[in-house]
Amino acid sequence: MTSKTTNKFSAEVRERAVRLVLDHEGDYPSRWTACQSISAKIGCSAHTLLDWLKKA
C-alpha cells in the first residue's frame with residue numbers, strides 16, 4: 001500500500017532529496033536537522049524525508 005504523500009512527489013524529487021541529505025548531513029549537527037532543513041526547501045515534512053532515507 002502506498003500513502004498519498006509518497007505519490008505527491010516524483011521518484012526524482014525523492015531521490016534528489018535523499019541525495020541532498022546524504023551529501024550535506026555533515027553540515028548539520030544531526031541527520032534529523034538536515035532532514036528538517038532540506039524538507040522545508042522541497043515542501044515535504046521532515047518525517048517523510050526521514051522515511052525516504054530509510055527506504056533508500
# chains A, B, ... in the order shown; residues from 1 in each chain; ligands from 1

call {"tool": "select_by_dssp", "arguments": {"residues": "chain A", "states": "helix (DSSP H, G or I)", "output": "NGL selection string"}}
result
:A and (4-8 or 11-27 or 31-42 or 46-55)

call {"tool": "write_last_selection", "arguments": {"atoms": "C-alpha atoms", "output": "PDB file, in the first residue's frame"}}
result
ATOM      1  CA  LYS A   4      -0.831   9.658  -0.676  1.00  0.00           C
ATOM      2  CA  THR A   5       2.252  11.602   0.401  1.00  0.00           C
ATOM      3  CA  THR A   6       4.514   9.150  -1.434  1.00  0.00           C
ATOM      4  CA  ASN A   7       2.622   9.860  -4.653  1.00  0.00           C
ATOM      5  CA  LYS A   8       2.766  13.617  -4.171  1.00  0.00           C
ATOM      6  CA  ALA A  11      10.743   9.460  -7.715  1.00  0.00           C
ATOM      7  CA  GLU A  12      13.247  12.034  -8.998  1.00  0.00           C
ATOM      8  CA  VAL A  13      12.322  14.516  -6.272  1.00  0.00           C
ATOM      9  CA  ARG A  14      12.531  11.838  -3.585  1.00  0.00           C
ATOM     10  CA  GLU A  15      15.913  10.620  -4.850  1.00  0.00           C
ATOM     11  CA  ARG A  16      17.258  14.179  -5.038  1.00  0.00           C
ATOM     12  CA  ALA A  17      16.093  14.956  -1.513  1.00  0.00           C
ATOM     13  CA  VAL A  18      17.696  11.783  -0.153  1.00  0.00           C
ATOM     14  CA  ARG A  19      20.913  12.606  -2.009  1.00  0.00           C
ATOM     15  CA  LEU A  20      20.907  16.144  -0.588  1.00  0.00           C
ATOM     16  CA  VAL A  21      20.612  14.827   2.962  1.00  0.00           C
ATOM     17  CA  LEU A  22      23.356  12.256   2.432  1.00  0.00           C
ATOM     18  CA  ASP A  23      25.640  14.811   0.774  1.00  0.00           C
ATOM     19  CA  HIS A  24      25.061  17.565   3.335  1.00  0.00           C
ATOM     20  CA  GLU A  25      24.273  15.864   6.641  1.00  0.00           C
ATOM     21  CA  GLY A  26      27.843  16.623   7.735  1.00  0.00           C
ATOM     22  CA  ASP A  27      26.935  20.337   7.614  1.00  0.00           C
ATOM     23  CA  ARG A  31      20.642  13.740  10.254  1.00  0.00           C
ATOM     24  CA  TRP A  32      17.339  14.934  11.732  1.00  0.00           C
ATOM     25  CA  THR A  33      18.304  18.617  11.494  1.00  0.00           C
ATOM     26  CA  ALA A  34      19.481  18.023   7.918  1.00  0.00           C
ATOM     27  CA  CYS A  35      16.071  16.476   7.147  1.00  0.00           C
ATOM     28  CA  GLN A  36      14.274  19.418   8.739  1.00  0.00           C
ATOM     29  CA  SER A  37      16.212  21.948   6.690  1.00  0.00           C
ATOM     30  CA  ILE A  38      16.062  20.118   3.355  1.00  0.00           C
ATOM     31  CA  SER A  39      12.432  19.042   3.694  1.00  0.00           C
ATOM     32  CA  ALA A  40      11.411  22.680   4.193  1.00  0.00           C
ATOM     33  CA  LYS A  41      13.064  23.519   0.869  1.00  0.00           C
ATOM     34  CA  ILE A  42      11.252  20.813  -1.104  1.00  0.00           C
ATOM     35  CA  ALA A  46      10.987  16.056   7.872  1.00  0.00           C
ATOM     36  CA  HIS A  47       9.382  12.749   8.889  1.00  0.00           C
ATOM     37  CA  THR A  48       8.570  11.996   5.258  1.00  0.00           C
ATOM     38  CA  LEU A  49      12.132  12.709   4.193  1.00  0.00           C
ATOM     39  CA  LEU A  50      13.459  10.526   7.015  1.00  0.00           C
ATOM     40  CA  ASP A  51      11.207   7.697   5.780  1.00  0.00           C
ATOM     41  CA  TRP A  52      12.578   8.123   2.249  1.00  0.00           C
ATOM     42  CA  LEU A  53      16.094   7.898   3.655  1.00  0.00           C
ATOM     43  CA  LYS A  54      15.290   4.671   5.498  1.00  0.00           C
ATOM     44  CA  LYS A  55      13.893   3.153   2.299  1.00  0.00           C
TER      45      LYS A  55
END

call {"tool": "decode", "arguments": {"residues": "region 8-41 of chain A", "atoms": "N, CA, C and O atoms", "output": "PDB file, in the first residue's frame"}}
result
ATOM      1  N   LYS A   8       2.741  12.169  -3.957  1.00  0.00           N
ATOM      2  CA  LYS A   8       2.766  13.617  -4.171  1.00  0.00           C
ATOM      3  C   LYS A   8       4.083  14.062  -4.812  1.00  0.00           C
ATOM      4  O   LYS A   8       4.126  15.042  -5.539  1.00  0.00           O
ATOM      5  N   PHE A   9       5.144  13.323  -4.558  1.00  0.00           N
ATOM      6  CA  PHE A   9       6.474  13.671  -5.062  1.00  0.00           C
ATOM      7  C   PHE A   9       6.952  12.601  -6.029  1.00  0.00           C
ATOM      8  O   PHE A   9       6.807  11.418  -5.768  1.00  0.00           O
ATOM      9  N   SER A  10       7.531  13.042  -7.138  1.00  0.00           N
ATOM     10  CA  SER A  10       8.046  12.080  -8.116  1.00  0.00           C
ATOM     11  C   SER A  10       9.255  11.350  -7.540  1.00  0.00           C
ATOM     12  O   SER A  10       9.872  11.803  -6.578  1.00  0.00           O
ATOM     13  N   ALA A  11       9.580  10.229  -8.147  1.00  0.00           N
ATOM     14  CA  ALA A  11      10.743   9.460  -7.715  1.00  0.00           C
ATOM     15  C   ALA A  11      12.002  10.317  -7.806  1.00  0.00           C
ATOM     16  O   ALA A  11      12.874  10.235  -6.944  1.00  0.00           O
ATOM     17  N   GLU A  12      12.069  11.180  -8.823  1.00  0.00           N
ATOM     18  CA  GLU A  12      13.247  12.034  -8.998  1.00  0.00           C
ATOM     19  C   GLU A  12      13.398  13.005  -7.825  1.00  0.00           C
ATOM     20  O   GLU A  12      14.507  13.220  -7.335  1.00  0.00           O
ATOM     21  N   VAL A  13      12.277  13.579  -7.397  1.00  0.00           N
ATOM     22  CA  VAL A  13      12.322  14.516  -6.272  1.00  0.00           C
ATOM     23  C   VAL A  13      12.737  13.786  -5.003  1.00  0.00           C
ATOM     24  O   VAL A  13      13.576  14.276  -4.241  1.00  0.00           O
ATOM     25  N   ARG A  14      12.169  12.614  -4.782  1.00  0.00           N
ATOM     26  CA  ARG A  14      12.531  11.838  -3.585  1.00  0.00           C
ATOM     27  C   ARG A  14      14.013  11.478  -3.598  1.00  0.00           C
ATOM     28  O   ARG A  14      14.706  11.633  -2.588  1.00  0.00           O
ATOM     29  N   GLU A  15      14.501  11.004  -4.744  1.00  0.00           N
ATOM     30  CA  GLU A  15      15.913  10.620  -4.850  1.00  0.00           C
ATOM     31  C   GLU A  15      16.828  11.820  -4.634  1.00  0.00           C
ATOM     32  O   GLU A  15      17.857  11.711  -3.965  1.00  0.00           O
ATOM     33  N   ARG A  16      16.449  12.963  -5.193  1.00  0.00           N
ATOM     34  CA  ARG A  16      17.258  14.179  -5.038  1.00  0.00           C
ATOM     35  C   ARG A  16      17.300  14.622  -3.582  1.00  0.00           C
ATOM     36  O   ARG A  16      18.351  14.988  -3.065  1.00  0.00           O
ATOM     37  N   ALA A  17      16.162  14.558  -2.918  1.00  0.00           N
ATOM     38  CA  ALA A  17      16.093  14.956  -1.513  1.00  0.00           C
ATOM     39  C   ALA A  17      16.951  14.035  -0.650  1.00  0.00           C
ATOM     40  O   ALA A  17      17.696  14.508   0.222  1.00  0.00           O
ATOM     41  N   VAL A  18      16.879  12.747  -0.903  1.00  0.00           N
ATOM     42  CA  VAL A  18      17.696  11.783  -0.153  1.00  0.00           C
ATOM     43  C   VAL A  18      19.180  12.060  -0.401  1.00  0.00           C
ATOM     44  O   VAL A  18      19.986  12.086   0.527  1.00  0.00           O
ATOM     45  N   ARG A  19      19.528  12.319  -1.663  1.00  0.00           N
ATOM     46  CA  ARG A  19      20.913  12.606  -2.009  1.00  0.00           C
ATOM     47  C   ARG A  19      21.398  13.877  -1.315  1.00  0.00           C
ATOM     48  O   ARG A  19      22.522  13.941  -0.817  1.00  0.00           O
ATOM     49  N   LEU A  20      20.544  14.900  -1.265  1.00  0.00           N
ATOM     50  CA  LEU A  20      20.907  16.144  -0.588  1.00  0.00           C
ATOM     51  C   LEU A  20      21.221  15.898   0.882  1.00  0.00           C
ATOM     52  O   LEU A  20      22.193  16.422   1.418  1.00  0.00           O
ATOM     53  N   VAL A  21      20.373  15.117   1.544  1.00  0.00           N
ATOM     54  CA  VAL A  21      20.612  14.827   2.962  1.00  0.00           C
ATOM     55  C   VAL A  21      21.930  14.077   3.125  1.00  0.00           C
ATOM     56  O   VAL A  21      22.763  14.432   3.969  1.00  0.00           O
ATOM     57  N   LEU A  22      22.134  13.050   2.307  1.00  0.00           N
ATOM     58  CA  LEU A  22      23.356  12.256   2.432  1.00  0.00           C
ATOM     59  C   LEU A  22      24.607  13.085   2.130  1.00  0.00           C
ATOM     60  O   LEU A  22      25.636  12.933   2.795  1.00  0.00           O
ATOM     61  N   ASP A  23      24.494  13.981   1.154  1.00  0.00           N
ATOM     62  CA  ASP A  23      25.640  14.811   0.774  1.00  0.00           C
ATOM     63  C   ASP A  23      25.931  15.911   1.789  1.00  0.00           C
ATOM     64  O   ASP A  23      27.078  16.331   1.925  1.00  0.00           O
ATOM     65  N   HIS A  24      24.894  16.384   2.487  1.00  0.00           N
ATOM     66  CA  HIS A  24      25.061  17.565   3.335  1.00  0.00           C
ATOM     67  C   HIS A  24      24.834  17.334   4.821  1.00  0.00           C
ATOM     68  O   HIS A  24      24.914  18.280   5.596  1.00  0.00           O
ATOM     69  N   GLU A  25      24.560  16.067   5.228  1.00  0.00           N
ATOM     70  CA  GLU A  25      24.273  15.864   6.641  1.00  0.00           C
ATOM     71  C   GLU A  25      25.462  16.226   7.530  1.00  0.00           C
ATOM     72  O   GLU A  25      25.269  16.578   8.696  1.00  0.00           O
ATOM     73  N   GLY A  26      26.662  16.215   6.974  1.00  0.00           N
ATOM     74  CA  GLY A  26      27.843  16.623   7.735  1.00  0.00           C
ATOM     75  C   GLY A  26      27.847  18.108   8.077  1.00  0.00           C
ATOM     76  O   GLY A  26      28.559  18.541   8.987  1.00  0.00           O
ATOM     77  N   ASP A  27      27.036  18.898   7.357  1.00  0.00           N
ATOM     78  CA  ASP A  27      26.935  20.337   7.614  1.00  0.00           C
ATOM     79  C   ASP A  27      25.989  20.644   8.774  1.00  0.00           C
ATOM     80  O   ASP A  27      25.863  21.789   9.180  1.00  0.00           O
ATOM     81  N   TYR A  28      25.293  19.621   9.253  1.00  0.00           N
ATOM     82  CA  TYR A  28      24.295  19.790  10.308  1.00  0.00           C
ATOM     83  C   TYR A  28      24.712  18.983  11.535  1.00  0.00           C
ATOM     84  O   TYR A  28      25.459  18.019  11.427  1.00  0.00           O
ATOM     85  N   PRO A  29      24.164  19.347  12.714  1.00  0.00           N
ATOM     86  CA  PRO A  29      24.519  18.596  13.931  1.00  0.00           C
ATOM     87  C   PRO A  29      24.007  17.159  13.923  1.00  0.00           C
ATOM     88  O   PRO A  29      24.560  16.299  14.598  1.00  0.00           O
ATOM     89  N   SER A  30      22.951  16.881  13.145  1.00  0.00           N
ATOM     90  CA  SER A  30      22.408  15.522  13.088  1.00  0.00           C
ATOM     91  C   SER A  30      21.683  15.309  11.762  1.00  0.00           C
ATOM     92  O   SER A  30      21.382  16.269  11.046  1.00  0.00           O
ATOM     93  N   ARG A  31      21.409  14.053  11.465  1.00  0.00           N
ATOM     94  CA  ARG A  31      20.642  13.740  10.254  1.00  0.00           C
ATOM     95  C   ARG A  31      19.251  14.357  10.351  1.00  0.00           C
ATOM     96  O   ARG A  31      18.701  14.820   9.359  1.00  0.00           O
ATOM     97  N   TRP A  32      18.675  14.368  11.544  1.00  0.00           N
ATOM     98  CA  TRP A  32      17.339  14.934  11.732  1.00  0.00           C
ATOM     99  C   TRP A  32      17.312  16.420  11.367  1.00  0.00           C
ATOM    100  O   TRP A  32      16.402  16.864  10.676  1.00  0.00           O
ATOM    101  N   THR A  33      18.296  17.190  11.822  1.00  0.00           N
ATOM    102  CA  THR A  33      18.304  18.617  11.494  1.00  0.00           C
ATOM    103  C   THR A  33      18.529  18.818   9.997  1.00  0.00           C
ATOM    104  O   THR A  33      17.976  19.746   9.405  1.00  0.00           O
ATOM    105  N   ALA A  34      19.310  17.955   9.374  1.00  0.00           N
ATOM    106  CA  ALA A  34      19.481  18.023   7.918  1.00  0.00           C
ATOM    107  C   ALA A  34      18.134  17.768   7.239  1.00  0.00           C
ATOM    108  O   ALA A  34      17.760  18.489   6.303  1.00  0.00           O
ATOM    109  N   CYS A  35      17.396  16.779   7.714  1.00  0.00           N
ATOM    110  CA  CYS A  35      16.071  16.476   7.147  1.00  0.00           C
ATOM    111  C   CYS A  35      15.122  17.650   7.331  1.00  0.00           C
ATOM    112  O   CYS A  35      14.369  17.985   6.416  1.00  0.00           O
ATOM    113  N   GLN A  36      15.160  18.276   8.486  1.00  0.00           N
ATOM    114  CA  GLN A  36      14.274  19.418   8.739  1.00  0.00           C
ATOM    115  C   GLN A  36      14.562  20.552   7.754  1.00  0.00           C
ATOM    116  O   GLN A  36      13.649  21.143   7.184  1.00  0.00           O
ATOM    117  N   SER A  37      15.829  20.850   7.568  1.00  0.00           N
ATOM    118  CA  SER A  37      16.212  21.948   6.690  1.00  0.00           C
ATOM    119  C   SER A  37      15.870  21.645   5.231  1.00  0.00           C
ATOM    120  O   SER A  37      15.267  22.465   4.530  1.00  0.00           O
ATOM    121  N   ILE A  38      16.250  20.472   4.760  1.00  0.00           N
ATOM    122  CA  ILE A  38      16.062  20.118   3.355  1.00  0.00           C
ATOM    123  C   ILE A  38      14.588  19.886   3.033  1.00  0.00           C
ATOM    124  O   ILE A  38      14.107  20.297   1.974  1.00  0.00           O
ATOM    125  N   SER A  39      13.860  19.281   3.949  1.00  0.00           N
ATOM    126  CA  SER A  39      12.432  19.042   3.694  1.00  0.00           C
ATOM    127  C   SER A  39      11.672  20.355   3.547  1.00  0.00           C
ATOM    128  O   SER A  39      10.744  20.450   2.743  1.00  0.00           O
ATOM    129  N   ALA A  40      12.060  21.366   4.307  1.00  0.00           N
ATOM    130  CA  ALA A  40      11.411  22.680   4.193  1.00  0.00           C
ATOM    131  C   ALA A  40      11.618  23.263   2.799  1.00  0.00           C
ATOM    132  O   ALA A  40      10.737  23.940   2.266  1.00  0.00           O
ATOM    133  N   LYS A  41      12.759  22.983   2.200  1.00  0.00           N
ATOM    134  CA  LYS A  41      13.064  23.519   0.869  1.00  0.00           C
ATOM    135  C   LYS A  41      12.271  22.825  -0.239  1.00  0.00           C
ATOM    136  O   LYS A  41      11.954  23.442  -1.250  1.00  0.00           O
TER     137      LYS A  41
END
